[in-house]
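Participant: Sending over input_26.cif (mmCIF, C-alpha atoms).
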```cif
data_query
loop_
_atom_site.label_atom_id
_atom_site.label_comp_id
_atom_site.auth_asym_id
_atom_site.auth_seq_id
_atom_site.Cartn_x
_atom_site.Cartn_y
_atom_site.Cartn_z
CA MET X 1454 -17.43 19.71 -8.43
CA ASN X 1455 -15.59 17.90 -11.22
CA PRO X 1456 -13.23 15.32 -9.66
CA ASP X 1457 -10.43 13.87 -11.72
CA LYS X 1458 -11.95 10.67 -13.12
CA ARG X 1459 -8.81 8.57 -12.99
CA THR X 1460 -8.03 9.55 -9.39
CA LEU X 1461 -11.63 8.95 -8.32
CA ARG X 1462 -11.61 5.54 -10.00
CA GLU X 1463 -8.39 4.56 -8.25
CA ALA X 1464 -9.65 5.80 -4.87
CA LEU X 1465 -12.92 3.87 -5.12
CA ALA X 1466 -11.20 0.73 -6.41
CA ARG X 1467 -9.03 0.77 -3.29
CA LYS X 1468 -12.02 1.30 -1.00
CA TYR X 1469 -14.24 -1.32 -2.62
CA PRO X 1470 -11.94 -3.86 -4.30
CA THR X 1471 -14.26 -6.89 -4.46
CA VAL X 1472 -17.19 -7.49 -6.79
CA ASP X 1473 -19.56 -7.95 -3.82
CA GLU X 1474 -18.54 -4.60 -2.33
CA ALA X 1475 -18.93 -2.85 -5.68
CA ARG X 1476 -22.36 -4.42 -6.27
CA GLN X 1477 -23.58 -3.27 -2.86
CA PHE X 1478 -22.26 0.24 -3.49
CA VAL X 1479 -24.03 0.42 -6.86
CA THR X 1480 -27.29 -0.68 -5.24
CA ASP X 1481 -26.89 1.90 -2.46
CA VAL X 1482 -26.49 4.83 -4.89
CA GLY X 1483 -29.32 3.74 -7.17
CA LEU X 1484 -27.39 2.85 -10.32
CA ASP X 1485 -28.81 0.19 -12.65
CA ILE X 1486 -26.77 -2.92 -11.88
CA ILE X 1487 -27.49 -4.58 -15.24
CA ARG X 1488 -25.76 -1.74 -17.09
CA ILE X 1489 -22.46 -2.29 -15.29
CA GLU X 1490 -19.70 -4.81 -16.06
CA PHE X 1491 -18.27 -6.35 -12.89
CA LYS X 1492 -14.73 -7.50 -13.65
CA GLY X 1493 -12.12 -9.50 -11.79
CA ARG X 1494 -10.05 -6.32 -11.55
CA ALA X 1495 -11.36 -3.55 -9.31
CA ASP X 1496 -10.12 -0.72 -11.53
CA LEU X 1497 -12.06 -2.09 -14.52
CA THR X 1498 -15.20 -2.56 -12.45
CA TRP X 1499 -15.04 1.02 -11.22
CA PHE X 1500 -14.38 2.30 -14.74
CA SER X 1501 -17.73 0.78 -15.73
CA ILE X 1502 -19.50 2.12 -12.62
CA LEU X 1503 -18.26 5.67 -13.08
CA ASP X 1504 -18.94 5.55 -16.81
CA GLU X 1505 -22.59 4.72 -16.05
CA ALA X 1506 -22.77 7.42 -13.37
CA ASN X 1507 -21.27 9.97 -15.77
CA LYS X 1508 -23.94 9.14 -18.38
CA GLN X 1509 -26.56 10.16 -15.82
CA GLY X 1510 -24.90 13.50 -15.17
CA GLU X 1511 -22.65 15.28 -12.71
CA ALA X 1512 -25.22 14.97 -9.92
CA GLN X 1513 -24.95 11.18 -10.04
CA VAL X 1514 -21.14 11.28 -9.97
CA ARG X 1515 -21.38 13.59 -6.97
CA ALA X 1516 -23.79 11.15 -5.31
CA VAL X 1517 -21.24 8.36 -5.79
CA LEU X 1518 -18.50 10.43 -4.18
CA LEU X 1519 -20.73 11.60 -1.31
CA HIS X 1520 -21.72 8.02 -0.52
CA ALA X 1521 -18.07 6.99 -0.37
CA ILE X 1522 -17.32 9.91 1.97
CA GLU X 1523 -20.30 8.94 4.15
CA GLN X 1524 -18.82 5.46 4.53
CA HIS X 1525 -15.25 6.73 4.95
CA PRO X 1526 -15.61 10.11 6.70
CA GLY X 1527 -11.95 10.27 7.70
CA ASP X 1528 -10.57 9.86 4.19
CA GLU X 1529 -8.79 13.07 3.27
CA GLY X 1530 -8.32 12.10 -0.36
CA LEU X 1531 -12.06 11.73 -0.96
CA ARG X 1532 -12.75 15.09 0.68
CA ARG X 1533 -10.12 16.75 -1.52
CA LEU X 1534 -11.80 15.27 -4.59
CA LEU X 1535 -15.14 16.69 -3.47
CA ASN X 1536 -13.55 20.14 -3.10
CA GLY X 1537 -11.89 19.92 -6.50
CA SER X 1538 -8.39 19.78 -4.98
CA ASP X 1539 -5.57 17.70 -6.40
CA VAL X 1540 -4.98 14.26 -4.95
CA ARG X 1541 -1.86 12.31 -5.83
CA TYR X 1542 -0.72 8.94 -4.54
CA ALA X 1543 3.00 8.28 -4.58
CA GLU X 1544 3.46 5.92 -7.52
CA GLY X 1545 6.25 3.40 -7.87
CA PRO X 1546 8.02 2.42 -11.08
CA ASP X 1547 5.77 1.35 -13.94
CA ILE X 1548 5.21 -2.37 -13.44
CA SER X 1549 5.74 -2.91 -17.18
CA ALA X 1550 9.33 -1.72 -16.66
CA LEU X 1551 9.97 -4.41 -14.05
CA HIS X 1552 11.44 -7.74 -15.13
CA TRP X 1553 9.51 -10.96 -14.56
CA ARG X 1554 11.74 -12.93 -12.25
CA GLY X 1555 11.68 -16.55 -11.13
CA ARG X 1556 9.10 -19.13 -12.06
CA GLY X 1557 5.44 -18.55 -12.75
CA GLY X 1558 2.49 -20.54 -14.01
CA GLN X 1559 0.87 -20.97 -10.59
CA THR X 1560 -1.78 -18.89 -8.94
CA PRO X 1561 -1.61 -18.41 -5.17
CA GLU X 1562 -4.56 -20.80 -4.74
CA LYS X 1563 -2.53 -23.65 -6.27
CA ILE X 1564 0.35 -23.36 -3.83
CA PHE X 1565 -1.22 -22.20 -0.56
CA GLY X 1566 -1.53 -25.81 0.54
CA LYS X 1567 2.24 -26.30 0.70
CA GLN X 1568 2.47 -24.58 4.08
CA SER X 1569 0.33 -24.63 7.18
CA ALA X 1570 -1.61 -21.43 7.86
CA LEU X 1571 -1.53 -22.10 11.62
CA VAL X 1572 0.38 -19.56 13.72
CA PRO X 1573 0.71 -19.10 17.49
CA VAL X 1574 -1.49 -16.53 19.21
CA SER X 1575 1.63 -14.43 19.84
CA PHE X 1576 1.64 -13.76 16.07
CA LEU X 1577 -1.10 -11.17 16.67
CA ASP X 1578 0.73 -9.47 19.54
CA VAL X 1579 3.97 -9.13 17.59
CA GLY X 1580 2.11 -7.90 14.51
CA ILE X 1581 0.41 -5.14 16.49
CA ARG X 1582 3.78 -3.97 17.82
CA ARG X 1583 5.19 -3.87 14.29
CA ALA X 1584 2.12 -1.95 13.08
CA ASP X 1585 2.66 0.77 15.69
CA ALA X 1586 5.85 1.85 13.90
CA VAL X 1587 4.13 2.22 10.50
CA ALA X 1588 2.96 5.72 9.52
CA ARG X 1589 1.25 7.53 6.68
CA ILE X 1590 3.33 10.15 4.85
CA GLN X 1591 1.69 13.25 3.40
CA CYS X 1592 3.75 15.60 1.25
CA ALA X 1593 3.09 19.30 0.78
CA ASP X 1594 1.54 18.65 -2.65
CA GLY X 1595 -0.98 16.25 -1.11
CA SER X 1596 0.70 13.05 -2.33
CA LEU X 1597 0.50 10.11 0.06
CA GLY X 1598 2.71 7.18 0.92
CA THR X 1599 3.74 4.88 3.76
CA GLY X 1600 6.87 4.69 5.90
CA PHE X 1601 8.08 2.99 9.07
CA LEU X 1602 10.36 3.75 11.99
CA ILE X 1603 13.71 2.09 12.51
CA PRO X 1604 16.04 2.79 15.49
CA ASP X 1605 17.23 6.36 16.17
CA ASN X 1606 13.90 7.87 15.08
CA LEU X 1607 14.67 7.29 11.41
CA LEU X 1608 11.87 6.73 8.88
CA VAL X 1609 12.23 4.41 5.88
CA THR X 1610 10.17 4.86 2.71
CA ASN X 1611 10.66 4.91 -1.07
CA HIS X 1612 12.79 7.37 -3.02
CA HIS X 1613 9.79 8.11 -5.24
CA VAL X 1614 7.83 9.16 -2.11
CA LEU X 1615 10.56 11.42 -0.68
CA PRO X 1616 13.11 11.99 -3.47
CA GLY X 1617 14.89 14.99 -1.93
CA ARG X 1618 15.50 17.01 1.23
CA ASP X 1619 13.16 19.78 0.08
CA ILE X 1620 10.24 17.37 -0.36
CA ALA X 1621 10.98 15.74 3.00
CA ALA X 1622 11.14 19.12 4.75
CA GLY X 1623 7.56 19.87 3.71
CA ALA X 1624 6.14 16.44 4.58
CA GLN X 1625 4.30 15.22 7.67
CA VAL X 1626 4.04 11.71 9.10
CA HIS X 1627 0.87 10.48 10.77
CA PHE X 1628 1.25 7.78 13.42
CA ASN X 1629 -1.73 5.77 14.68
CA TYR X 1630 -3.91 6.67 11.69
CA GLN X 1631 -6.16 3.62 12.07
CA LYS X 1632 -9.28 2.18 13.64
CA THR X 1633 -9.40 1.08 17.28
CA ALA X 1634 -10.67 -2.33 18.39
CA ASP X 1635 -14.15 -0.84 18.81
CA SER X 1636 -14.08 0.64 15.26
CA ARG X 1637 -13.48 4.23 16.35
CA ASP X 1638 -10.90 6.54 14.78
CA ALA X 1639 -7.70 6.39 16.86
CA GLU X 1640 -5.97 9.56 18.04
CA VAL X 1641 -3.36 10.49 15.43
CA GLU X 1642 0.06 11.95 16.17
CA GLU X 1643 1.38 14.20 13.38
CA LEU X 1644 5.10 14.94 13.23
CA PRO X 1645 7.38 16.77 10.77
CA LEU X 1646 10.53 15.32 9.28
CA ASP X 1647 14.02 16.68 9.90
CA PRO X 1648 16.13 16.07 6.77
CA ASP X 1649 18.79 18.51 8.02
CA ALA X 1650 19.52 16.08 10.87
CA PHE X 1651 19.67 13.00 8.61
CA PHE X 1652 18.74 12.24 5.03
CA ALA X 1653 19.90 9.47 2.69
CA THR X 1654 18.33 8.28 -0.53
CA SER X 1655 18.96 5.89 -3.42
CA ARG X 1656 17.19 6.29 -6.75
CA GLU X 1657 18.52 2.92 -7.93
CA ASP X 1658 17.06 1.03 -4.96
CA ASP X 1659 14.05 3.35 -4.57
CA CYS X 1660 14.74 3.90 -0.88
CA THR X 1661 14.92 6.95 1.42
CA ILE X 1662 15.83 7.21 5.10
CA VAL X 1663 15.09 10.44 6.98
CA LYS X 1664 15.02 11.69 10.57
CA VAL X 1665 11.68 12.34 12.28
CA LYS X 1666 11.49 15.30 14.66
CA GLY X 1667 10.74 14.57 18.29
CA ASP X 1668 11.18 11.12 19.77
CA PRO X 1669 8.42 9.00 18.19
CA SER X 1670 10.18 5.68 18.83
CA THR X 1671 9.48 6.00 22.55
CA ARG X 1672 5.75 5.88 21.76
CA TRP X 1673 5.56 3.84 18.56
CA GLY X 1674 8.61 1.62 18.74
CA ALA X 1675 11.02 0.81 15.91
CA ILE X 1676 11.56 -2.04 13.47
CA GLU X 1677 15.02 -3.59 13.51
CA LEU X 1678 17.06 -3.71 10.30
CA GLN X 1679 18.31 -7.28 10.39
CA PRO X 1680 18.44 -9.16 7.09
CA ALA X 1681 16.31 -12.31 7.26
CA PRO X 1682 16.39 -15.33 4.93
CA LEU X 1683 13.57 -15.47 2.39
CA ARG X 1684 12.68 -18.28 0.00
CA ILE X 1685 10.28 -18.87 -2.86
CA ASP X 1686 6.79 -19.83 -1.59
CA ASP X 1687 7.37 -18.15 1.77
CA ARG X 1688 4.42 -16.13 3.01
CA VAL X 1689 4.84 -12.43 3.69
CA ASN X 1690 2.80 -9.83 5.61
CA ILE X 1691 2.45 -6.19 4.53
CA ILE X 1692 1.37 -3.33 6.82
CA GLN X 1693 0.29 -0.36 4.76
CA HIS X 1694 -1.77 2.78 4.23
CA PRO X 1695 -3.24 1.81 0.82
CA GLY X 1696 -4.24 4.88 -1.10
CA GLY X 1697 -3.44 6.97 1.98
CA ASP X 1698 -6.28 5.25 3.85
CA GLN X 1699 -6.19 4.16 7.47
CA LYS X 1700 -3.66 1.47 8.33
CA GLN X 1701 -4.39 -2.01 7.00
CA LEU X 1702 -2.74 -5.41 7.05
CA SER X 1703 -2.39 -7.94 4.26
CA PHE X 1704 -1.16 -11.23 5.62
CA PHE X 1705 -0.76 -14.86 4.59
CA HIS X 1706 -2.32 -14.32 1.18
CA ASN X 1707 0.97 -13.14 -0.28
CA LEU X 1708 3.50 -15.65 -1.59
CA VAL X 1709 7.10 -15.04 -2.60
CA ALA X 1710 7.74 -15.80 -6.27
CA TYR X 1711 11.34 -14.56 -6.61
CA VAL X 1712 14.22 -13.45 -4.36
CA GLY X 1713 17.50 -12.04 -5.65
CA GLU X 1714 19.43 -9.08 -7.04
CA GLY X 1715 18.21 -6.87 -4.21
CA ARG X 1716 14.55 -7.50 -5.04
CA VAL X 1717 11.69 -9.72 -3.94
CA GLN X 1718 8.53 -10.32 -5.99
CA TYR X 1719 5.39 -11.73 -4.44
CA LEU X 1720 2.06 -12.88 -5.82
CA THR X 1721 -1.10 -11.51 -4.27
CA ASP X 1722 -4.82 -11.28 -5.00
CA THR X 1723 -5.14 -7.90 -3.26
CA LEU X 1724 -4.69 -4.35 -4.56
CA PRO X 1725 -1.18 -2.87 -4.50
CA GLY X 1726 -0.02 -1.71 -1.10
CA SER X 1727 1.14 1.83 -0.50
CA SER X 1728 4.65 2.78 -1.53
CA GLY X 1729 7.13 2.46 1.34
CA SER X 1730 5.23 -0.20 3.28
CA PRO X 1731 7.27 -2.72 5.30
CA VAL X 1732 7.13 -6.34 4.14
CA PHE X 1733 7.60 -8.98 6.86
CA ASP X 1734 8.13 -12.72 6.90
CA LYS X 1735 5.95 -15.08 8.97
CA GLU X 1736 8.09 -14.34 12.05
CA TRP X 1737 7.46 -10.60 11.63
CA ARG X 1738 11.06 -9.96 10.61
CA LEU X 1739 11.48 -7.12 8.10
CA VAL X 1740 12.45 -8.51 4.69
CA ALA X 1741 11.68 -5.72 2.21
CA VAL X 1742 10.23 -2.28 1.44
CA HIS X 1743 7.31 -2.43 -0.98
CA HIS X 1744 7.69 -0.13 -4.00
CA SER X 1745 5.58 -1.24 -6.98
CA GLY X 1746 3.02 -3.70 -8.27
CA GLY X 1747 0.59 -4.52 -11.03
CA TRP X 1748 -0.64 -7.05 -13.58
CA ILE X 1749 2.09 -8.36 -15.87
CA PRO X 1750 2.10 -11.22 -18.41
CA GLU X 1751 4.14 -14.32 -17.73
CA PRO X 1752 6.74 -14.73 -20.48
CA GLY X 1753 5.84 -17.47 -22.95
CA SER X 1754 2.18 -17.71 -21.95
CA LYS X 1755 -1.11 -15.82 -22.20
CA ASP X 1756 -1.57 -15.75 -18.42
CA ARG X 1757 -1.35 -12.54 -16.43
CA PHE X 1758 -0.45 -12.46 -12.75
CA PHE X 1759 -0.52 -9.73 -10.14
CA ARG X 1760 2.97 -9.24 -8.79
CA ASN X 1761 4.22 -6.81 -6.19
CA GLU X 1762 7.90 -5.96 -5.89
CA GLY X 1763 9.86 -4.87 -2.85
CA ILE X 1764 13.42 -3.75 -2.16
CA LEU X 1765 15.22 -6.31 0.00
CA VAL X 1766 16.18 -5.06 3.47
CA ASP X 1767 19.86 -5.71 2.67
CA ARG X 1768 19.80 -2.67 0.35
CA VAL X 1769 18.31 -0.51 3.12
CA VAL X 1770 21.05 -1.63 5.51
CA GLU X 1771 23.69 -0.78 2.91
CA LEU X 1772 22.21 2.69 2.28
CA LEU X 1773 22.25 3.42 6.00
CA ARG X 1774 25.81 2.15 6.33
CA ARG X 1775 27.06 4.39 3.51
CA ALA X 1776 25.34 7.46 4.96
CA CYS X 1777 26.63 7.04 8.52
#
```
For this file, produce the structure as structure tokens.
Facilitator:
Amino acid sequence: MNPDKRTLREALARKYPTVDEARQFVTDVGLDIIRIEFKGRADLTWFSILDEANKQGEAQVRAVLLHAIEQHPGDEGLRRLLNGSDVRYAEGPDISALHWRGRGGQTPEKIFGKQSALVPVSFLDVGIRRADAVARIQCADGSLGTGFLIPDNLLVTNHHVLPGRDIAAGAQVHFNYQKTADSRDAEVEELPLDPDAFFATSREDDCTIVKVKGDPSTRWGAIELQPAPLRIDDRVNIIQHPGGDQKQLSFFHNLVAYVGEGRVQYLTDTLPGSSGSPVFDKEWRLVAVHHSGGWIPEPGSKDRFFRNEGILVDRVVELLRRAC
């Protein structure tokens, strides 16, 4: 067993993103905590952890991976790493190639107080209905991404996840890949795509729309494509399969920093969401499709901020209009 170090580091950083989680993991596997640098960034923390494990030999690296699998038995990516198989997450455009847009100079903590965090109880009910339509995408080469249903059993994701009909034809979508309310693994429905029935893609806007075989919308619903207004400092919610993991929700800790030119950028203190995830406003209206994120420097300063970028829903509507 010799897992790819970079892929293992990324997988563990997604599973255990906080310093407290990483410290507990290190204690559990018997590594010397004083020899490890715990950073503000999860990927740097896990670089240090795996570097220390590697110094102790392959058996210790294997122990790290086995412990992660024990805690996440349903994670296919970790099992593939244990077997020496390739694991690839669909990766968006290099964040360094994205332009810093709008104003900066404020961390999320400095501007959270501008809006009330109170929401009606119905917020949870609507969010669960939206989450039903979100699915994990697994391509034939093992790469993973996220997509979501819109009316007519169409699935929206990124172009870099499904760039062509041939890739889509070999992919599967997994609905209900998540935990139940009692922390059990939910029953998953796996369906193939049908690009011969419908397929449209845009490299420029990093968006693909493809037909799903069967009639999944009757069971999992669909998210309406209706452009919604979005402003700087608005809060957004992201439903995702980060790293191909079970479905997760990031909400109310994401703030819009820029809107325009078919793009929206939002600040967040979480890890990047999976490519193709739907981004919603506080009313659970679809506003964008997530496609990339990372740490970038603010022009004219030494500060670095984590920014995610999504494709505004207007561009998805336009792609669908041109294809129909």
Participant: Within 10 Å of (18.8, -0.9, 11.3) in the file's own coordinates, which protein, DNA or RNA residues have an atom, counting all atoms listed in the file? List them as a list in words.
Facilitator: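 Using all atoms listed in the file, the matching residues come out as Leu1602, Ile1603, Pro1604, Asp1605, Leu1607, Ala1675, Ile1676, Glu1677, Leu1678, Gln1679, Pro1680, Val1766, Asp1767, Val1769, Val1770, Glu1771, Leu1773 and Arg1774 of chain X.
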Participant: Counting only C-alpha atoms, what is within 6 Å of region 1499-1508 of chain X, bar same-chain residues fewer than 4 positions away, as a ChimeraX atom specification?
Facilitator: /X:1462,1489-1490,1513-1514
Participant: In Å, how far is it from CA of Pro1470 (chain X) to CA of Ala1495 (chain X)?
Facilitator: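 Distance reported for this atom pair: 5.1 Å.
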Participant: Adding 8 Å on each side of the box along x, y and z that holds all listed atoms of region 1479-1485 of chain X, could you give its centre and edge lengths in Å to one decimal, as JSON?
Facilitator:
```
{"center_x": -26.7, "center_y": 2.1, "center_z": -7.6, "size_x": 21.3, "size_y": 21.5, "size_z": 26.2}
```
Participant: Taking the file as shown, find all residues satisfying the PyMOL selection byres ((chain X and resi 1690) around 12) and write them as a PyMOL selection string.
Facilitator: chain X and resi 1576-1577+1580+1583-1584+1687-1689+1691-1693+1701-1709+1719-1721+1726+1730-1743
Participant: In Å, rounded to a single decimal, give me how far CA of Asn1611 (chain X) is from CA of Gly1715 (chain X).
Facilitator: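 CA of Asn1611 (chain X) lies 14.3 Å from CA of Gly1715 (chain X).
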Participant: Which residue, X:Val1626, X:Val1614, X:Ala1634, X:Val1587, has the smallest gap to Asp1647 (chain X) when you use all atoms listed in the file?
Facilitator: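 Of the candidates, the smallest distance to Asp1647 (chain X) is held by X:Val1626.
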Participant: Please report the interatomic distance between CA of Tyr1469 (chain X) and CA of Gln1524 (chain X) in Å with one decimal.
Facilitator: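 That distance, rounded to one decimal, is 10.9 Å.
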Participant: Using all atoms listed in the file, can you tell me which of X:Thr1671, X:Asn1761, X:Ser1728, X:Gln1631 comes closest to Lys1700 (chain X)?
Facilitator: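 Among the listed residues, the smallest separation from Lys1700 (chain X) belongs to X:Gln1631.
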Participant: Extract, using all atoms listed in the file, all DNA, RNA and protein residues at most 7 Å from region 1471-1483 of chain X, discarding same-chain residues fewer than 2 positions from it, and format them as a ChimeraX atom specification.
Facilitator: /X:1469,1485-1486,1491,1495,1516-1517
Participant: Using all atoms listed in the file for the distances, tell me which of X:Leu1519, X:Gly1595, X:Asp1635, X:Pro1695 is nearest to Ala1466 (chain X).
Facilitator: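 When distances to Ala1466 (chain X) are compared using all atoms listed in the file, the smallest one comes from X:Pro1695.
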Participant: Smallest atom-to-atom distance to Thr1633 (chain X): which of X:Ser1745, X:Gln1699, X:Thr1460, X:Ser1596, using all atoms listed in the file?
Facilitator: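 Among the listed residues, the smallest separation from Thr1633 (chain X) belongs to X:Gln1699.
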Participant: Can you spell out as a list in words the set of residues that the PyMOL selection byres ((chain X and resi 1669) around 9) selects in the structure I just provided?
Facilitator: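 On the file shown, the PyMOL selection byres ((chain X and resi 1669) around 9) covers Ala1586, Leu1602, Asn1606, Phe1628, Leu1644, Val1665, Lys1666, Gly1667, Asp1668, Ser1670, Thr1671, Arg1672, Trp1673, Gly1674 and Ala1675 of chain X.
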Participant: Give me region 1668-1697 of chain X with N, CA and C atoms filled in, as an mmCIF file, keeping the file's coordinate frame.
Facilitator:
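Okay, part_6.cif is ready:
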```cif
data_model
loop_
_atom_site.group_PDB
_atom_site.id
_atom_site.type_symbol
_atom_site.label_atom_id
_atom_site.label_comp_id
_atom_site.auth_asym_id
_atom_site.auth_seq_id
_atom_site.Cartn_x
_atom_site.Cartn_y
_atom_site.Cartn_z
ATOM 1 N N ASP X 1668 10.674 12.436 19.384
ATOM 2 C CA ASP X 1668 11.180 11.120 19.770
ATOM 3 C C ASP X 1668 10.072 10.087 19.617
ATOM 4 N N PRO X 1669 9.582 9.877 18.382
ATOM 5 C CA PRO X 1669 8.420 9.000 18.190
ATOM 6 C C PRO X 1669 8.663 7.548 18.565
ATOM 7 N N SER X 1670 9.903 7.086 18.525
ATOM 8 C CA SER X 1670 10.180 5.680 18.830
ATOM 9 C C SER X 1670 9.831 5.312 20.263
ATOM 10 N N THR X 1671 9.852 6.306 21.163
ATOM 11 C CA THR X 1671 9.480 6.000 22.550
ATOM 12 C C THR X 1671 8.001 5.659 22.667
ATOM 13 N N ARG X 1672 7.196 6.143 21.726
ATOM 14 C CA ARG X 1672 5.750 5.880 21.760
ATOM 15 C C ARG X 1672 5.338 4.794 20.776
ATOM 16 N N TRP X 1673 6.009 4.734 19.621
ATOM 17 C CA TRP X 1673 5.560 3.840 18.560
ATOM 18 C C TRP X 1673 6.534 2.721 18.254
ATOM 19 N N GLY X 1674 7.660 2.694 18.950
ATOM 20 C CA GLY X 1674 8.610 1.620 18.740
ATOM 21 C C GLY X 1674 9.418 1.796 17.463
ATOM 22 N N ALA X 1675 10.180 0.780 17.113
ATOM 23 C CA ALA X 1675 11.020 0.810 15.910
ATOM 24 C C ALA X 1675 11.206 -0.612 15.410
ATOM 25 N N ILE X 1676 11.382 -0.735 14.118
ATOM 26 C CA ILE X 1676 11.560 -2.040 13.470
ATOM 27 C C ILE X 1676 13.048 -2.238 13.188
ATOM 28 N N GLU X 1677 13.593 -3.322 13.658
ATOM 29 C CA GLU X 1677 15.020 -3.590 13.510
ATOM 30 C C GLU X 1677 15.375 -3.912 12.059
ATOM 31 N N LEU X 1678 16.535 -3.407 11.636
ATOM 32 C CA LEU X 1678 17.060 -3.710 10.300
ATOM 33 C C LEU X 1678 18.030 -4.880 10.410
ATOM 34 N N GLN X 1679 17.492 -6.081 10.319
ATOM 35 C CA GLN X 1679 18.310 -7.280 10.390
ATOM 36 C C GLN X 1679 17.913 -8.197 9.239
ATOM 37 N N PRO X 1680 18.784 -8.317 8.236
ATOM 38 C CA PRO X 1680 18.440 -9.160 7.090
ATOM 39 C C PRO X 1680 17.987 -10.552 7.509
ATOM 40 N N ALA X 1681 16.884 -11.011 6.937
ATOM 41 C CA ALA X 1681 16.310 -12.310 7.260
ATOM 42 C C ALA X 1681 16.251 -13.154 5.998
ATOM 43 N N PRO X 1682 16.451 -14.473 6.116
ATOM 44 C CA PRO X 1682 16.390 -15.330 4.930
ATOM 45 C C PRO X 1682 14.969 -15.379 4.368
ATOM 46 N N LEU X 1683 14.871 -15.436 3.055
ATOM 47 C CA LEU X 1683 13.570 -15.470 2.390
ATOM 48 C C LEU X 1683 13.669 -16.429 1.214
ATOM 49 N N ARG X 1684 12.650 -17.279 1.068
ATOM 50 C CA ARG X 1684 12.680 -18.280 0.000
ATOM 51 C C ARG X 1684 11.394 -18.225 -0.820
ATOM 52 N N ILE X 1685 11.469 -18.761 -2.023
ATOM 53 C CA ILE X 1685 10.280 -18.870 -2.860
ATOM 54 C C ILE X 1685 9.219 -19.687 -2.127
ATOM 55 N N ASP X 1686 7.975 -19.247 -2.223
ATOM 56 C CA ASP X 1686 6.790 -19.830 -1.590
ATOM 57 C C ASP X 1686 6.642 -19.459 -0.125
ATOM 58 N N ASP X 1687 7.589 -18.682 0.429
ATOM 59 C CA ASP X 1687 7.370 -18.150 1.770
ATOM 60 C C ASP X 1687 6.186 -17.194 1.755
ATOM 61 N N ARG X 1688 5.506 -17.086 2.876
ATOM 62 C CA ARG X 1688 4.420 -16.130 3.010
ATOM 63 C C ARG X 1688 4.965 -14.830 3.597
ATOM 64 N N VAL X 1689 4.419 -13.722 3.166
ATOM 65 C CA VAL X 1689 4.840 -12.430 3.690
ATOM 66 C C VAL X 1689 3.617 -11.619 4.140
ATOM 67 N N ASN X 1690 3.846 -10.691 5.077
ATOM 68 C CA ASN X 1690 2.800 -9.830 5.610
ATOM 69 C C ASN X 1690 3.167 -8.377 5.307
ATOM 70 N N ILE X 1691 2.193 -7.580 4.912
ATOM 71 C CA ILE X 1691 2.450 -6.190 4.530
ATOM 72 C C ILE X 1691 1.534 -5.265 5.327
ATOM 73 N N ILE X 1692 2.134 -4.336 6.085
ATOM 74 C CA ILE X 1692 1.370 -3.330 6.820
ATOM 75 C C ILE X 1692 1.452 -2.039 6.040
ATOM 76 N N GLN X 1693 0.301 -1.416 5.762
ATOM 77 C CA GLN X 1693 0.290 -0.360 4.760
ATOM 78 C C GLN X 1693 -0.824 0.654 5.012
ATOM 79 N N HIS X 1694 -0.694 1.792 4.326
ATOM 80 C CA HIS X 1694 -1.770 2.780 4.230
ATOM 81 C C HIS X 1694 -2.179 2.854 2.761
ATOM 82 N N PRO X 1695 -2.923 1.856 2.260
ATOM 83 C CA PRO X 1695 -3.240 1.810 0.820
ATOM 84 C C PRO X 1695 -4.047 3.011 0.385
ATOM 85 N N GLY X 1696 -3.553 3.695 -0.616
ATOM 86 C CA GLY X 1696 -4.240 4.880 -1.100
ATOM 87 C C GLY X 1696 -4.302 5.991 -0.073
ATOM 88 N N GLY X 1697 -3.414 5.955 0.941
ATOM 89 C CA GLY X 1697 -3.440 6.970 1.980
ATOM 90 C C GLY X 1697 -4.531 6.723 3.008
#
```
